[in-house]
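run32.tsv (TSV, C-alpha atoms)
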chain	number	residue	atom	x	y	z
A	1	MET	CA	18.56	44.87	-4.57
A	2	LEU	CA	19.23	43.82	-0.99
A	3	ALA	CA	16.53	41.83	0.82
A	4	MET	CA	13.04	43.04	-0.03
A	5	GLY	CA	10.15	41.62	1.97
A	6	ASP	CA	6.97	40.10	0.61
A	7	TYR	CA	3.99	42.40	0.49
A	8	VAL	CA	1.18	41.78	2.98
A	9	GLN	CA	-2.47	41.78	2.00
A	10	THR	CA	-5.06	42.89	4.57
A	11	GLU	CA	-8.67	44.01	4.63
A	12	ASP	CA	-9.36	47.41	3.09
A	13	LEU	CA	-9.08	50.37	5.45
A	14	SER	CA	-10.99	53.63	5.19
A	15	ARG	CA	-9.20	56.63	3.73
A	16	LYS	CA	-9.22	58.32	7.14
A	17	GLU	CA	-7.67	55.26	8.79
A	18	CYS	CA	-4.98	55.05	6.09
A	19	GLU	CA	-4.10	58.73	6.48
A	20	ALA	CA	-3.85	58.32	10.25
A	21	ILE	CA	-1.52	55.33	9.89
A	22	GLU	CA	0.64	57.18	7.35
A	23	ALA	CA	0.97	60.22	9.60
A	24	ARG	CA	1.94	58.05	12.56
A	25	VAL	CA	4.48	56.01	10.59
A	26	LEU	CA	6.12	59.14	9.14
A	27	ASP	CA	6.39	60.69	12.60
A	28	GLU	CA	7.79	57.53	14.19
A	29	ASN	CA	10.39	57.07	11.45
A	30	SER	CA	11.63	60.65	11.13
A	31	ASN	CA	14.86	59.65	12.88
A	32	LEU	CA	15.42	56.91	10.29
A	33	VAL	CA	15.16	59.47	7.48
A	34	ARG	CA	17.59	61.78	9.26
A	35	SER	CA	19.98	58.86	9.70
A	36	LEU	CA	19.90	58.10	5.97
A	37	LEU	CA	20.74	61.72	5.13
A	38	LYS	CA	23.28	62.31	7.90
A	39	PRO	CA	26.36	61.19	5.89
A	40	TYR	CA	25.65	63.87	3.26
A	41	ARG	CA	24.89	66.83	5.51
A	42	TYR	CA	28.22	68.64	5.06
A	43	ALA	CA	28.15	68.51	1.25
A	44	LEU	CA	24.54	69.64	0.70
A	45	ASP	CA	22.73	72.87	1.49
A	46	GLU	CA	19.65	72.99	3.70
A	47	GLY	CA	17.30	73.33	0.74
A	48	THR	CA	18.63	70.17	-0.89
A	49	LEU	CA	18.49	68.25	2.38
A	50	GLU	CA	14.87	69.30	2.85
A	51	ASP	CA	14.05	68.18	-0.70
A	52	LEU	CA	15.69	64.81	-0.04
A	53	THR	CA	13.75	64.49	3.21
A	54	GLN	CA	10.50	64.90	1.31
A	55	VAL	CA	11.66	62.39	-1.31
A	56	ALA	CA	12.36	59.87	1.45
A	57	PHE	CA	9.03	60.42	3.18
A	58	MET	CA	7.14	60.01	-0.10
A	59	ALA	CA	9.00	56.76	-0.76
A	60	MET	CA	8.03	55.53	2.70
A	61	VAL	CA	4.35	56.33	2.10
A	62	ILE	CA	4.38	54.52	-1.24
A	63	GLU	CA	5.97	51.47	0.36
A	64	LEU	CA	3.50	51.54	3.26
A	65	ARG	CA	0.62	51.51	0.78
A	66	LYS	CA	2.13	48.49	-0.95
A	67	PHE	CA	2.15	46.76	2.42
A	68	SER	CA	-1.56	47.57	2.81
A	69	HIS	CA	-0.72	49.95	5.67
A	70	VAL	CA	0.74	47.19	7.82
A	71	ASP	CA	3.60	48.70	9.85
A	72	SER	CA	5.68	45.53	10.18
A	73	VAL	CA	9.38	44.73	10.47
A	74	GLU	CA	9.39	43.63	6.84
A	75	PHE	CA	7.82	46.94	5.82
A	76	LYS	CA	10.55	48.90	7.62
A	77	LYS	CA	13.29	46.87	5.93
A	78	SER	CA	11.73	47.31	2.51
A	79	ALA	CA	11.00	51.01	3.11
A	80	THR	CA	14.61	51.64	4.13
A	81	VAL	CA	15.87	50.13	0.89
A	82	ARG	CA	13.34	52.10	-1.17
A	83	MET	CA	14.05	55.39	0.60
A	84	ARG	CA	17.79	55.00	0.14
A	85	GLY	CA	17.27	54.19	-3.52
A	86	GLU	CA	15.09	57.27	-4.08
A	87	ILE	CA	17.58	59.50	-2.26
A	88	ILE	CA	20.45	58.20	-4.39
A	89	ASP	CA	18.39	58.63	-7.58
A	90	GLU	CA	17.71	62.25	-6.64
A	91	LEU	CA	21.37	62.91	-5.84
A	92	ARG	CA	22.34	61.37	-9.17
A	93	ARG	CA	20.04	63.81	-10.98
A	94	ARG	CA	21.52	66.86	-9.27
A	95	ASP	CA	24.84	68.62	-9.78
A	96	PHE	CA	25.52	68.59	-6.04
A	97	ALA	CA	29.20	69.45	-6.00
A	98	GLU	CA	31.42	72.11	-7.51
A	99	ARG	CA	34.56	71.04	-9.31
A	100	ASN	CA	36.90	72.38	-6.60
A	101	LEU	CA	35.08	70.32	-3.97
A	102	ARG	CA	35.47	67.20	-6.10
A	103	THR	CA	39.19	67.93	-6.35
A	104	LEU	CA	39.43	68.39	-2.58
A	105	SER	CA	37.59	65.10	-2.01
A	106	ASN	CA	40.13	63.28	-4.18
A	107	SER	CA	43.00	64.97	-2.34
A	108	VAL	CA	41.60	63.92	1.03
A	109	LYS	CA	41.26	60.33	-0.11
A	110	LYS	CA	44.87	60.24	-1.36
A	111	ALA	CA	46.18	61.88	1.81
A	112	GLU	CA	44.36	59.32	3.94
A	113	GLY	CA	46.02	56.52	2.00
A	114	VAL	CA	49.48	58.02	2.42
A	115	LEU	CA	48.97	58.64	6.14
A	116	ARG	CA	47.52	55.16	6.65
A	117	GLN	CA	50.69	53.60	5.25
A	118	ARG	CA	52.97	55.94	7.18
A	119	LEU	CA	51.19	55.62	10.53
A	120	GLY	CA	50.11	51.99	10.29
A	121	ARG	CA	46.59	52.97	11.37
A	122	GLU	CA	43.66	55.10	10.32
A	123	PRO	CA	44.55	58.82	10.39
A	124	ASN	CA	42.23	61.10	12.34
A	125	GLU	CA	40.61	64.29	11.07
A	126	SER	CA	43.28	66.57	12.50
A	127	GLU	CA	46.12	64.62	10.89
A	128	VAL	CA	44.52	64.71	7.44
A	129	CYS	CA	43.72	68.41	7.78
A	130	ALA	CA	47.30	69.17	8.82
A	131	ALA	CA	48.69	67.21	5.88
A	132	LEU	CA	46.54	69.14	3.41
A	133	ALA	CA	46.47	72.47	5.29
A	134	ILE	CA	42.68	72.57	5.23
A	135	SER	CA	40.02	73.25	7.87
A	136	ILE	CA	37.93	70.63	9.65
A	137	ASP	CA	34.83	72.02	7.89
A	138	ASP	CA	36.46	71.57	4.48
A	139	TYR	CA	37.49	68.04	5.41
A	140	ARG	CA	33.98	67.08	6.51
A	141	GLU	CA	32.45	68.57	3.39
A	142	ALA	CA	34.86	66.57	1.24
A	143	LYS	CA	34.10	63.36	3.16
A	144	SER	CA	30.36	63.91	2.72
A	145	LEU	CA	30.88	64.29	-1.01
A	146	GLU	CA	32.95	61.11	-1.06
A	147	MET	CA	30.11	59.30	0.70
A	148	ILE	CA	27.57	60.54	-1.86
A	149	ALA	CA	29.74	59.36	-4.75
A	150	MET	CA	30.35	55.99	-3.08
A	151	ASP	CA	26.67	55.42	-2.35
A	152	ILE	CA	25.69	56.33	-5.91
A	153	GLU	CA	28.21	53.87	-7.31
A	154	PHE	CA	27.24	51.09	-4.90
A	155	ASP	CA	23.56	51.63	-5.67
A	156	GLU	CA	24.24	51.45	-9.40
A	157	ARG	CA	26.16	48.18	-9.04
A	158	VAL	CA	23.63	46.50	-6.78
A	159	SER	CA	20.54	47.93	-8.50
A	160	ALA	CA	21.83	46.58	-11.79
A	161	THR	CA	20.62	43.18	-10.59
A	162	ASP	CA	17.08	44.36	-11.29
A	163	SER	CA	17.75	44.51	-15.03
A	164	VAL	CA	20.75	42.38	-15.95
A	165	GLU	CA	20.70	38.74	-16.94
A	166	ASP	CA	20.55	35.96	-14.37
A	167	GLU	CA	24.24	35.17	-14.78
A	168	GLN	CA	25.21	38.73	-13.86
A	169	LYS	CA	22.85	38.66	-10.90
A	170	GLU	CA	24.69	35.61	-9.64
A	171	PHE	CA	28.01	37.44	-10.07
A	172	VAL	CA	26.80	40.32	-7.87
A	173	ALA	CA	25.50	37.96	-5.20
A	174	ASP	CA	28.79	36.06	-5.38
A	175	ALA	CA	30.78	39.27	-4.95
A	176	LEU	CA	28.95	40.17	-1.75
A	177	SER	CA	29.18	36.60	-0.46
A	178	ARG	CA	32.98	36.79	-0.76
A	179	LEU	CA	33.04	39.39	1.97
A	180	ASP	CA	33.60	37.94	5.42
A	181	ASP	CA	30.59	37.60	7.73
A	182	ARG	CA	31.47	40.77	9.63
A	183	SER	CA	31.68	42.82	6.42
A	184	GLN	CA	28.43	41.37	5.10
A	185	LYS	CA	26.74	42.44	8.33
A	186	MET	CA	28.09	45.97	7.88
A	187	ILE	CA	26.64	46.16	4.35
A	188	TYR	CA	23.31	44.84	5.63
A	189	LEU	CA	23.19	47.43	8.42
A	190	LEU	CA	24.03	50.21	5.96
A	191	TYR	CA	21.64	49.35	3.14
A	192	VAL	CA	18.82	47.46	4.84
A	193	GLY	CA	19.10	48.55	8.46
A	194	GLY	CA	19.33	52.20	7.44
A	195	LEU	CA	22.25	52.99	9.75
A	196	GLY	CA	24.92	55.56	8.96
A	197	LEU	CA	28.66	54.91	9.07
A	198	GLU	CA	28.97	56.11	12.66
A	199	GLU	CA	26.07	53.95	13.82
A	200	VAL	CA	27.41	50.84	12.06
A	201	ALA	CA	30.86	51.49	13.49
A	202	LEU	CA	29.35	51.71	16.99
A	203	VAL	CA	27.31	48.52	16.56
A	204	MET	CA	30.27	46.59	15.15
A	205	GLY	CA	32.82	48.02	17.55
A	206	THR	CA	35.04	49.43	14.82
A	207	SER	CA	35.90	52.77	13.21
A	208	ARG	CA	33.93	54.81	10.70
A	209	ALA	CA	36.85	54.56	8.28
A	210	THR	CA	36.78	50.76	8.47
A	211	VAL	CA	33.09	50.68	7.56
A	212	ALA	CA	33.74	53.04	4.64
A	213	ARG	CA	36.51	50.76	3.38
A	214	VAL	CA	34.16	47.76	3.52
A	215	LYS	CA	31.79	49.66	1.24
A	216	GLU	CA	34.63	50.37	-1.17
A	217	LEU	CA	35.65	46.71	-1.09
A	218	ALA	CA	32.11	45.58	-1.90
A	219	ILE	CA	31.99	47.92	-4.90
A	220	SER	CA	35.41	46.73	-6.05
A	221	LYS	CA	34.41	43.06	-5.89
A	222	ILE	CA	31.21	43.64	-7.84
A	223	LYS	CA	33.05	45.63	-10.53
A	224	HIS	CA	35.72	42.93	-10.80
A	225	LEU	CA	33.26	40.06	-11.21
A	226	LEU	CA	31.23	42.02	-13.76
A	227	GLY	CA	34.42	42.56	-15.75
A	228	GLU	CA	34.52	46.34	-15.39

When written as structure tokens, how does the structure in this file appear?
Amino acid sequence: MLAMGDYVQTEDLSRKECEAIEARVLDENSNLVRSLLKPYRYALDEGTLEDLTQVAFMAMVIELRKFSHVDSVEFKKSATVRMRGEIIDELRRRDFAERNLRTLSNSVKKAEGVLRQRLGREPNESEVCAALAISIDDYREAKSLEMIAMDIEFDERVSATDSVEDEQKEFVADALSRLDDRSQKMIYLLYVGGLGLEEVALVMGTSRATVARVKELAISKIKHLLGE
């Protein structure tokens, strides 16, 4: 997985002190959890989003306990990775999309490619919707589904380093290192920094679509080097 910090050992705290720290940390990091779930909001119902929120909070508490209730920068980095992993695991277990939505997601992706070639730039929402004769809501739902599928695949490729042989681990690290510095920073902000596509695009001064393509490129490089 991407950069996990070393655990910190401290003196034992009372149960009451631990509970107070956990409550504070959960409250202070609620925006981080919302940011992790934001890309999926159009493809999931409110009940599922609430379930995923609880999954993320539980993952944060578990990670905080491993860090002996020390709310440090390293804890936040490690907690972000763990929360994202737990969210993706839960999405993987659920049948979160109907077949017609999957078909629409594929159609949107193809239309974007055609328009990109024709226009020589990234198409906007209105242009894609016009090409497919769909509503903005349908488009956003399809894009959310695409993001879920992409994150699941990326997580599977990168998480495989926890169980594969050392040689394969080196291949994965090599694949990510072949991205340029700017792209590597985008991946770091997404998977360790806990930022969404829009936030990364804002930080990097680029478009949401560009950040999404960097994710696709990272997956493609890993698959290629692993011989898939």

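Nearest residue to Glu153 in chain A, choosing from A:Ser107, A:Thr53, A:Ser220, A:Ser14 and counting only C-alpha atoms: A:Ser220.
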
Please report as a Markdown table every residue of range 20-70 of chain A lying within 7 Å of range 86-95 of chain A, along with the nearest atom pair and their distance in Å (one decimal), using only C-alpha atoms.
| residue | atom | partner | partner_atom | distance |
| --- | --- | --- | --- | --- |
| A:Leu52 | CA | A:Ile87 | CA | 6.1 |
| A:Val55 | CA | A:Ile87 | CA | 6.7 |
| A:Ala56 | CA | A:Ile87 | CA | 6.4 |
| A:Ala59 | CA | A:Glu86 | CA | 7.0 |

Tell me which of A:Lys215, A:Arg140, A:Lys221, A:Arg182 sits closest to Val203 in chain A, counting only C-alpha atoms. A:Arg182

Using only C-alpha atoms, determine which residues lie at most 9 Å from Cys18 in chain A, disregarding the query and same-chain residues fewer than 6 positions distant; provide the list as a ChimeraX atom specification. /A:65,68-69

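Distances here use all atoms listed in the file; by that measure, the residue among A:Met83, A:Ala209, A:Leu49, A:Ile136 closest to Gly193 in chain A is A:Met83.
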
Pick out the closest residue to Ala133 in chain A from this set: A:Leu179, A:Leu37, A:Ala111, A:Ala149. Count only C-alpha atoms. A:Ala111

So the first atom is CA of Ser183 in chain A and the second is CA of Thr206 in chain A; what is the distance between them in Å, to one decimal place?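 Those two atoms sit 11.2 Å apart.
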
Neighbour list for Asp137 in chain A as a JSON list (two decimals) with C-alpha atoms, keeping the file's coordinate frame, cut-off 10 Å, all atoms listed in the file, skip fewer than 6 positions in-chain:
[["chain", "number", "residue", "atom", "x", "y", "z"],
["A", 42, "TYR", "CA", 28.22, 68.64, 5.06],
["A", 129, "CYS", "CA", 43.72, 68.41, 7.78],
["A", 143, "LYS", "CA", 34.10, 63.36, 3.16]]

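For the atom pair formed by CA of Met58 in chain A and CA of Tyr40 in chain A, the distance is 19.2 Å, given to one decimal.
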
Counting all atoms listed in the file, the option among A:Ala43, A:Met150, A:Ala23, A:Leu119 closest to Leu64 in chain A: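 Closest candidate: A:Ala23.
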
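Shortest atom-to-atom contact with Gly85 in chain A among A:Glu22, A:Glu28, A:Asp151, A:Asp45: A:Asp151, counting all atoms listed in the file.
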
Near Lys110 in chain A, within 12 Å and counting all atoms listed in the file, which residues show up once chain neighbours fewer than 3 positions away are dropped, as a JSON list (two decimals) with C-alpha atoms, in the frame of the given file?
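Result file part-v4.json:
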[["chain", "number", "residue", "atom", "x", "y", "z"],
["A", 103, "THR", "CA", 39.19, 67.93, -6.35],
["A", 104, "LEU", "CA", 39.43, 68.39, -2.58],
["A", 105, "SER", "CA", 37.59, 65.10, -2.01],
["A", 106, "ASN", "CA", 40.13, 63.28, -4.18],
["A", 107, "SER", "CA", 43.00, 64.97, -2.34],
["A", 113, "GLY", "CA", 46.02, 56.52, 2.00],
["A", 114, "VAL", "CA", 49.48, 58.02, 2.42],
["A", 115, "LEU", "CA", 48.97, 58.64, 6.14],
["A", 116, "ARG", "CA", 47.52, 55.16, 6.65],
["A", 117, "GLN", "CA", 50.69, 53.60, 5.25],
["A", 123, "PRO", "CA", 44.55, 58.82, 10.39],
["A", 128, "VAL", "CA", 44.52, 64.71, 7.44],
["A", 131, "ALA", "CA", 48.69, 67.21, 5.88],
["A", 132, "LEU", "CA", 46.54, 69.14, 3.41],
["A", 146, "GLU", "CA", 32.95, 61.11, -1.06]]
